[in-house]
file structure01.cif (mmCIF, C-alpha atoms)
data_my_file
#
loop_
_atom_site.group_PDB
_atom_site.id
_atom_site.type_symbol
_atom_site.label_atom_id
_atom_site.label_comp_id
_atom_site.auth_asym_id
_atom_site.auth_seq_id
_atom_site.Cartn_x
_atom_site.Cartn_y
_atom_site.Cartn_z
ATOM 1 C CA TRP A 562 24.137 -70.713 -63.043
ATOM 2 C CA VAL A 563 26.226 -67.697 -62.023
ATOM 3 C CA LEU A 564 26.270 -66.663 -58.367
ATOM 4 C CA GLY A 565 26.886 -62.954 -57.640
ATOM 5 C CA HIS A 566 28.848 -61.421 -54.749
ATOM 6 C CA TRP A 567 27.151 -60.674 -51.432
ATOM 7 C CA ARG A 568 26.105 -57.031 -51.162
ATOM 8 C CA ALA A 569 26.631 -54.975 -48.003
ATOM 9 C CA SER A 570 24.282 -55.600 -45.094
ATOM 10 C CA SER A 571 21.138 -53.516 -44.860
ATOM 11 C CA HIS A 572 21.915 -52.768 -41.177
ATOM 12 C CA SER A 573 25.135 -52.876 -39.167
ATOM 13 C CA CYS A 574 23.275 -54.021 -36.036
ATOM 14 C CA GLY A 575 19.804 -54.343 -34.545
ATOM 15 C CA TYR A 576 18.563 -57.868 -35.363
ATOM 16 C CA THR A 577 17.085 -56.920 -38.758
ATOM 17 C CA GLY A 578 20.106 -56.916 -41.076
ATOM 18 C CA THR A 579 20.006 -58.853 -44.336
ATOM 19 C CA ARG A 580 22.319 -59.155 -47.288
ATOM 20 C CA THR A 581 21.535 -60.207 -50.828
ATOM 21 C CA ARG A 582 23.159 -61.624 -53.919
ATOM 22 C CA SER A 583 21.871 -62.621 -57.311
ATOM 23 C CA LEU A 584 21.674 -65.998 -58.969
ATOM 24 C CA LEU A 585 21.588 -65.774 -62.752
ATOM 25 C CA CYS A 586 20.928 -68.278 -65.461
ATOM 26 C CA ARG A 587 23.458 -67.140 -68.049
ATOM 27 C CA GLY A 588 23.648 -68.545 -71.553
ATOM 28 C CA HIS A 589 26.894 -69.453 -73.303
ATOM 29 C CA LEU A 590 26.910 -66.021 -75.031
ATOM 30 C CA GLY A 591 26.474 -64.203 -71.709
ATOM 31 C CA SER A 592 22.763 -63.431 -71.977
ATOM 32 C CA VAL A 593 20.481 -63.880 -68.963
ATOM 33 C CA GLY A 594 17.852 -66.538 -69.576
ATOM 34 C CA ARG A 595 14.981 -68.265 -67.861
ATOM 35 C CA SER A 596 15.938 -70.577 -65.015
ATOM 36 C CA ASP A 597 14.433 -73.633 -66.707
ATOM 37 C CA MET A 598 17.019 -73.232 -69.476
ATOM 38 C CA CYS A 599 19.928 -73.681 -67.017
ATOM 39 C CA ALA A 600 18.733 -76.653 -65.033
ATOM 40 C CA PRO A 601 15.175 -77.794 -65.579
ATOM 41 C CA ASP A 602 15.399 -80.132 -62.588
ATOM 42 C CA SER A 603 16.914 -77.564 -60.179
ATOM 43 C CA GLY A 604 13.599 -76.577 -58.621
ATOM 44 C CA VAL A 605 14.371 -72.904 -59.311
ATOM 45 C CA LEU A 606 11.774 -71.281 -61.538
ATOM 46 C CA ALA A 607 12.212 -67.653 -62.562
ATOM 47 C CA ASP A 608 11.994 -65.533 -65.692
ATOM 48 C CA GLY A 609 15.211 -63.672 -64.798
ATOM 49 C CA PRO A 610 17.694 -63.228 -61.958
ATOM 50 C CA VAL A 611 16.851 -64.720 -58.556
ATOM 51 C CA THR A 612 17.734 -62.722 -55.434
ATOM 52 C CA LEU A 613 19.091 -64.737 -52.499
ATOM 53 C CA VAL A 614 18.653 -63.203 -49.020
ATOM 54 C CA GLU A 615 20.265 -64.175 -45.716
ATOM 55 C CA PRO A 616 20.300 -62.587 -42.234
ATOM 56 C CA CYS A 617 23.433 -60.826 -41.014
ATOM 57 C CA ASN A 618 24.671 -58.482 -38.253
ATOM 58 C CA ARG A 619 21.999 -59.812 -35.880
ATOM 59 C CA PHE A 620 23.087 -58.278 -32.598
ATOM 60 C CA ALA A 621 21.960 -55.352 -30.472
ATOM 61 C CA CYS A 622 23.314 -51.936 -31.279
ATOM 62 C CA ASN A 623 25.653 -50.801 -28.510
ATOM 63 C CA ALA A 624 26.246 -54.476 -27.701
ATOM 64 C CA PHE A 625 30.018 -53.947 -27.546
ATOM 65 C CA TYR A 626 32.473 -51.567 -25.950
ATOM 66 C CA VAL A 627 36.154 -50.839 -26.470
ATOM 67 C CA GLN A 628 38.577 -51.443 -23.628
ATOM 68 C CA VAL A 629 41.450 -48.976 -24.028
ATOM 69 C CA GLY A 630 44.983 -49.704 -22.834
ATOM 70 C CA PRO A 631 47.572 -47.148 -21.698
ATOM 71 C CA TRP A 632 49.584 -45.135 -24.209
ATOM 72 C CA GLY A 633 52.986 -46.649 -24.897
ATOM 73 C CA PRO A 634 56.248 -44.706 -25.060
ATOM 74 C CA CYS A 635 56.881 -42.379 -27.967
ATOM 75 C CA SER A 636 58.907 -43.877 -30.804
ATOM 76 C CA LYS A 637 61.176 -40.777 -30.969
ATOM 77 C CA LYS A 638 62.571 -38.262 -28.476
ATOM 78 C CA CYS A 639 61.983 -35.365 -30.904
ATOM 79 C CA GLY A 640 61.114 -34.675 -34.522
ATOM 80 C CA GLY A 641 57.728 -36.399 -34.461
ATOM 81 C CA GLY A 642 57.129 -39.879 -33.179
ATOM 82 C CA VAL A 643 54.168 -42.181 -32.638
ATOM 83 C CA SER A 644 52.667 -43.609 -29.467
ATOM 84 C CA THR A 645 50.326 -46.615 -29.595
ATOM 85 C CA ARG A 646 47.868 -48.310 -27.281
ATOM 86 C CA GLU A 647 45.946 -51.563 -27.376
ATOM 87 C CA LEU A 648 42.215 -51.556 -28.136
ATOM 88 C CA THR A 649 40.122 -54.606 -27.240
ATOM 89 C CA CYS A 650 36.507 -55.088 -28.316
ATOM 90 C CA ILE A 651 34.376 -56.598 -25.544
ATOM 91 C CA ARG A 652 30.879 -58.107 -25.944
ATOM 92 C CA ARG A 653 28.823 -56.263 -23.320
ATOM 93 C CA ALA A 654 26.519 -59.210 -22.467
ATOM 94 C CA THR A 655 29.320 -61.705 -21.743
ATOM 95 C CA GLY A 656 32.451 -59.653 -21.115
ATOM 96 C CA VAL A 657 34.254 -61.815 -23.677
ATOM 97 C CA PRO A 658 36.687 -60.206 -26.158
ATOM 98 C CA THR A 659 35.728 -60.371 -29.834
ATOM 99 C CA THR A 660 36.974 -58.880 -33.114
ATOM 100 C CA MET A 661 37.409 -55.129 -33.508
ATOM 101 C CA MET A 662 35.161 -55.386 -36.568
ATOM 102 C CA ALA A 663 32.165 -55.919 -34.241
ATOM 103 C CA CYS A 664 32.964 -52.753 -32.270
ATOM 104 C CA ASP A 665 33.558 -50.815 -35.483
ATOM 105 C CA ALA A 666 30.134 -51.800 -36.884
ATOM 106 C CA ASP A 667 28.452 -51.073 -33.560
ATOM 107 C CA ALA A 668 30.048 -47.621 -33.279
ATOM 108 C CA ALA A 669 29.231 -46.805 -36.918
ATOM 109 C CA ALA A 670 25.570 -47.660 -36.308
ATOM 110 C CA ARG A 671 25.565 -45.044 -33.547
ATOM 111 C CA GLY A 672 27.396 -42.504 -35.727
ATOM 112 C CA GLU A 673 30.523 -42.717 -33.593
ATOM 113 C CA ALA A 674 34.159 -43.566 -34.241
ATOM 114 C CA LEU A 675 36.413 -45.954 -32.359
ATOM 115 C CA PRO A 676 39.030 -44.493 -30.007
ATOM 116 C CA ALA A 677 42.405 -43.837 -31.626
ATOM 117 C CA ALA A 678 45.038 -46.557 -31.315
ATOM 118 C CA THR A 679 47.891 -44.234 -32.351
ATOM 119 C CA LYS A 680 48.780 -40.597 -31.776
ATOM 120 C CA LYS A 681 51.606 -38.245 -32.669
ATOM 121 C CA CYS A 682 54.051 -37.352 -29.925
ATOM 122 C CA ASN A 683 57.283 -35.388 -29.351
ATOM 123 C CA THR A 684 56.600 -33.236 -32.378
ATOM 124 C CA GLN A 685 59.080 -30.549 -31.340
ATOM 125 C CA SER A 686 62.108 -30.158 -33.598
ATOM 126 C CA CYS A 687 65.377 -31.780 -32.654
ATOM 127 C CA GLU A 688 67.884 -29.080 -31.734
ATOM 128 C CA GLN A 689 71.430 -29.942 -32.583
ATOM 129 C CA TYR A 690 74.339 -28.620 -30.593
ATOM 130 C CA PHE A 691 77.931 -28.867 -31.699
ATOM 131 C CA PHE A 692 81.241 -27.430 -30.640
ATOM 132 C CA LYS A 693 83.216 -25.190 -32.903
ATOM 133 C CA THR A 694 86.905 -24.974 -32.199
ATOM 134 C CA GLY A 695 89.168 -22.128 -33.144
ATOM 135 C CA PRO A 696 92.616 -20.748 -32.408
ATOM 136 C CA TRP A 697 93.534 -19.707 -28.877
ATOM 137 C CA ASP A 698 93.723 -15.993 -28.371
#

call {"tool": "encode", "arguments": {"input": "structure01.cif", "output": "structure tokens"}}
result
Amino acid sequence: WVLGHWRASSHSCGYTGTRTRSLLCRGHLGSVGRSDMCAPDSGVLADGPVTLVEPCNRFACNAFYVQVGPWGPCSKKCGGGVSTRELTCIRRATGVPTTMMACDADAAARGEALPAATKKCNTQSCEQYFFKTGPWD
């Protein structure tokens, strides 16, 4: 038996998501055979690949929100720096923080993007001043 990789979920939220992967009976030369040739006592009977299905992403769309922290200081005074802020994904029903992946999937299902965690700052060029000395007149 050869077990395939899980494919992407059919839905990113909404209680109906499923994902699938294949289970193949593969002969020693790589050909796909009948399931009774791999393990007659396995209880799996099929003339070709078997598709395994399991539920996934079973939560309400818009079930999460992103709590946005304040922008931090710029990494440079001039010449282009970066400012960052903390993003926290919160489960709307419980108020408990969870992974950003949940908020990302939820936003994607609504066709939205997450708020930015970084931004450019102090992009003006750095002017350099110097003194030039010369003879006294």

call {"tool": "resolve_selection", "arguments": {"input": "structure01.cif", "expression": "the PyMOL selection byres ((chain A and resi 676-683) around 12)", "output": "MDAnalysis selection string"}}
result
chainID A and resid 626:650 661 664:665 668 673:675 684:687

call {"tool": "write_last_selection", "arguments": {"input": "structure01.cif", "atoms": "C-alpha atoms", "output": "short mmCIF file (atom, residue, chain, number, x, y, z; two decimals), keeping the file's coordinate frame"}}
result
data_model
loop_
_atom_site.label_atom_id
_atom_site.label_comp_id
_atom_site.auth_asym_id
_atom_site.auth_seq_id
_atom_site.Cartn_x
_atom_site.Cartn_y
_atom_site.Cartn_z
CA TYR A 626 32.47 -51.57 -25.95
CA VAL A 627 36.15 -50.84 -26.47
CA GLN A 628 38.58 -51.44 -23.63
CA VAL A 629 41.45 -48.98 -24.03
CA GLY A 630 44.98 -49.70 -22.83
CA PRO A 631 47.57 -47.15 -21.70
CA TRP A 632 49.58 -45.14 -24.21
CA GLY A 633 52.99 -46.65 -24.90
CA PRO A 634 56.25 -44.71 -25.06
CA CYS A 635 56.88 -42.38 -27.97
CA SER A 636 58.91 -43.88 -30.80
CA LYS A 637 61.18 -40.78 -30.97
CA LYS A 638 62.57 -38.26 -28.48
CA CYS A 639 61.98 -35.36 -30.90
CA GLY A 640 61.11 -34.67 -34.52
CA GLY A 641 57.73 -36.40 -34.46
CA GLY A 642 57.13 -39.88 -33.18
CA VAL A 643 54.17 -42.18 -32.64
CA SER A 644 52.67 -43.61 -29.47
CA THR A 645 50.33 -46.62 -29.60
CA ARG A 646 47.87 -48.31 -27.28
CA GLU A 647 45.95 -51.56 -27.38
CA LEU A 648 42.22 -51.56 -28.14
CA THR A 649 40.12 -54.61 -27.24
CA CYS A 650 36.51 -55.09 -28.32
CA MET A 661 37.41 -55.13 -33.51
CA CYS A 664 32.96 -52.75 -32.27
CA ASP A 665 33.56 -50.82 -35.48
CA ALA A 668 30.05 -47.62 -33.28
CA GLU A 673 30.52 -42.72 -33.59
CA ALA A 674 34.16 -43.57 -34.24
CA LEU A 675 36.41 -45.95 -32.36
CA THR A 684 56.60 -33.24 -32.38
CA GLN A 685 59.08 -30.55 -31.34
CA SER A 686 62.11 -30.16 -33.60
CA CYS A 687 65.38 -31.78 -32.65
#

call {"tool": "resolve_selection", "arguments": {"input": "structure01.cif", "expression": "the PyMOL selection byres ((chain A and resi 620) around 8)", "output": "list in words"}}
result
Cys574, Gly575, Tyr576, Asn618, Arg619, Ala621, Cys622 and Ala624 of chain A

call {"tool": "write_last_selection", "arguments": {"input": "structure01.cif", "atoms": "C-alpha atoms", "output": "PDB file, in the coordinates of the input"}}
result
ATOM      1  CA  CYS A 574      23.275 -54.021 -36.036  1.00  0.00           C
ATOM      2  CA  GLY A 575      19.804 -54.343 -34.545  1.00  0.00           C
ATOM      3  CA  TYR A 576      18.563 -57.868 -35.363  1.00  0.00           C
ATOM      4  CA  ASN A 618      24.671 -58.482 -38.253  1.00  0.00           C
ATOM      5  CA  ARG A 619      21.999 -59.812 -35.880  1.00  0.00           C
ATOM      6  CA  ALA A 621      21.960 -55.352 -30.472  1.00  0.00           C
ATOM      7  CA  CYS A 622      23.314 -51.936 -31.279  1.00  0.00           C
ATOM      8  CA  ALA A 624      26.246 -54.476 -27.701  1.00  0.00           C
TER       9      ALA A 624
END

call {"tool": "closest_residue", "arguments": {"input": "structure01.cif", "among": "A:Thr612, A:Thr655, A:Gln689, A:Ser571", "to": "Cys586 of chain A", "atoms": "only C-alpha atoms"}}
result
A:Thr612

call {"tool": "atom_distance", "arguments": {"input": "structure01.cif", "atom1": "atom CA of Asp667 of chain A", "atom2": "atom CA of Ala569 of chain A"}}
result
15.1 Å

call {"tool": "atom_distance", "arguments": {"input": "structure01.cif", "atom1": "atom CA of Cys617 of chain A", "atom2": "atom CA of Arg671 of chain A"}}
result
17.6 Å

call {"tool": "atom_distance", "arguments": {"input": "structure01.cif", "atom1": "atom CA of Met662 of chain A", "atom2": "atom CA of His572 of chain A"}}
result
14.3 Å

call {"tool": "resolve_selection", "arguments": {"input": "structure01.cif", "expression": "the PyMOL selection byres ((chain A and resi 565) around 10)", "output": "list in words"}}
result
Trp562, Val563, Leu564, His566, Trp567, Arg568, Thr581, Arg582, Ser583, Leu584, Leu585, Thr612 and Leu613 of chain A

call {"tool": "closest_residue", "arguments": {"input": "structure01.cif", "among": "A:Glu688, A:Asn623, A:Ala666, A:Gly695", "to": "Ser570 of chain A", "atoms": "all atoms listed in the file"}}
result
A:Ala666

call {"tool": "axis_aligned_box", "arguments": {"input": "structure01.cif", "around": "segment 583-588 of chain A", "padding_each_side": "8 Å", "output": "AutoDock Vina command-line options"}}
result
--center_x 22.3 --center_y -65.6 --center_z -64.4 --size_x 18.7 --size_y 21.9 --size_z 30.2

call {"tool": "decode", "arguments": {"input": "structure01.cif", "residues": "segment 647-667 of chain A", "atoms": "N, CA, C and O atoms", "output": "JSON list (two decimals), in the first residue's frame"}}
result
[["chain", "number", "residue", "atom", "x", "y", "z"],
["A", 647, "GLU", "N", 2.83, 44.09, 16.49],
["A", 647, "GLU", "CA", 2.40, 42.74, 16.80],
["A", 647, "GLU", "C", 0.96, 42.51, 16.33],
["A", 647, "GLU", "O", 0.09, 43.37, 16.52],
["A", 648, "LEU", "N", 0.72, 41.37, 15.70],
["A", 648, "LEU", "CA", -0.62, 40.96, 15.30],
["A", 648, "LEU", "C", -0.98, 39.71, 16.10],
["A", 648, "LEU", "O", -0.18, 38.78, 16.18],
["A", 649, "THR", "N", -2.16, 39.69, 16.69],
["A", 649, "THR", "CA", -2.62, 38.54, 17.46],
["A", 649, "THR", "C", -3.97, 38.10, 16.92],
["A", 649, "THR", "O", -4.89, 38.91, 16.80],
["A", 650, "CYS", "N", -4.09, 36.82, 16.59],
["A", 650, "CYS", "CA", -5.35, 36.26, 16.11],
["A", 650, "CYS", "C", -6.19, 35.85, 17.31],
["A", 650, "CYS", "O", -5.74, 35.11, 18.18],
["A", 651, "ILE", "N", -7.43, 36.32, 17.35],
["A", 651, "ILE", "CA", -8.34, 36.05, 18.46],
["A", 651, "ILE", "C", -9.58, 35.30, 17.95],
["A", 651, "ILE", "O", -10.20, 35.71, 16.97],
["A", 652, "ARG", "N", -9.93, 34.21, 18.64],
["A", 652, "ARG", "CA", -11.17, 33.48, 18.31],
["A", 652, "ARG", "C", -12.34, 34.30, 18.84],
["A", 652, "ARG", "O", -12.43, 34.57, 20.04],
["A", 653, "ARG", "N", -13.22, 34.72, 17.94],
["A", 653, "ARG", "CA", -14.31, 35.63, 18.29],
["A", 653, "ARG", "C", -15.22, 35.06, 19.38],
["A", 653, "ARG", "O", -15.63, 35.76, 20.29],
["A", 654, "ALA", "N", -15.54, 33.78, 19.33],
["A", 654, "ALA", "CA", -16.49, 33.18, 20.28],
["A", 654, "ALA", "C", -15.96, 33.14, 21.71],
["A", 654, "ALA", "O", -16.73, 33.27, 22.66],
["A", 655, "THR", "N", -14.63, 32.98, 21.87],
["A", 655, "THR", "CA", -14.08, 32.81, 23.22],
["A", 655, "THR", "C", -13.16, 33.94, 23.67],
["A", 655, "THR", "O", -12.88, 34.06, 24.86],
["A", 656, "GLY", "N", -12.68, 34.73, 22.72],
["A", 656, "GLY", "CA", -11.72, 35.78, 23.06],
["A", 656, "GLY", "C", -10.33, 35.25, 23.34],
["A", 656, "GLY", "O", -9.46, 35.98, 23.81],
["A", 657, "VAL", "N", -10.08, 33.98, 23.01],
["A", 657, "VAL", "CA", -8.80, 33.35, 23.28],
["A", 657, "VAL", "C", -7.89, 33.46, 22.05],
["A", 657, "VAL", "O", -8.33, 33.19, 20.93],
["A", 658, "PRO", "N", -6.63, 33.85, 22.26],
["A", 658, "PRO", "CA", -5.68, 33.91, 21.13],
["A", 658, "PRO", "C", -5.45, 32.53, 20.51],
["A", 658, "PRO", "O", -5.50, 31.51, 21.20],
["A", 659, "THR", "N", -5.23, 32.51, 19.23],
["A", 659, "THR", "CA", -4.93, 31.27, 18.49],
["A", 659, "THR", "C", -3.87, 31.58, 17.44],
["A", 659, "THR", "O", -3.32, 32.68, 17.42],
["A", 660, "THR", "N", -3.58, 30.65, 16.57],
["A", 660, "THR", "CA", -2.52, 30.85, 15.57],
["A", 660, "THR", "C", -2.96, 31.84, 14.49],
["A", 660, "THR", "O", -4.14, 31.93, 14.16],
["A", 661, "MET", "N", -2.00, 32.54, 13.94],
["A", 661, "MET", "CA", -2.28, 33.48, 12.85],
["A", 661, "MET", "C", -2.81, 32.75, 11.61],
["A", 661, "MET", "O", -3.50, 33.32, 10.78],
["A", 662, "MET", "N", -2.48, 31.46, 11.49],
["A", 662, "MET", "CA", -2.95, 30.68, 10.36],
["A", 662, "MET", "C", -4.48, 30.65, 10.31],
["A", 662, "MET", "O", -5.08, 30.69, 9.24],
["A", 663, "ALA", "N", -5.13, 30.61, 11.46],
["A", 663, "ALA", "CA", -6.60, 30.61, 11.51],
["A", 663, "ALA", "C", -7.15, 31.93, 10.99],
["A", 663, "ALA", "O", -8.11, 31.94, 10.21],
["A", 664, "CYS", "N", -6.56, 33.04, 11.38],
["A", 664, "CYS", "CA", -7.01, 34.35, 10.89],
["A", 664, "CYS", "C", -6.74, 34.50, 9.40],
["A", 664, "CYS", "O", -7.54, 35.07, 8.67],
["A", 665, "ASP", "N", -5.61, 33.97, 8.95],
["A", 665, "ASP", "CA", -5.25, 34.06, 7.54],
["A", 665, "ASP", "C", -6.28, 33.30, 6.69],
["A", 665, "ASP", "O", -6.76, 33.81, 5.68],
["A", 666, "ALA", "N", -6.64, 32.09, 7.10],
["A", 666, "ALA", "CA", -7.63, 31.29, 6.36],
["A", 666, "ALA", "C", -9.00, 31.97, 6.39],
["A", 666, "ALA", "O", -9.71, 32.01, 5.38],
["A", 667, "ASP", "N", -9.36, 32.52, 7.53],
["A", 667, "ASP", "CA", -10.64, 33.19, 7.68],
["A", 667, "ASP", "C", -10.72, 34.42, 6.78],
["A", 667, "ASP", "O", -11.72, 34.64, 6.09]]
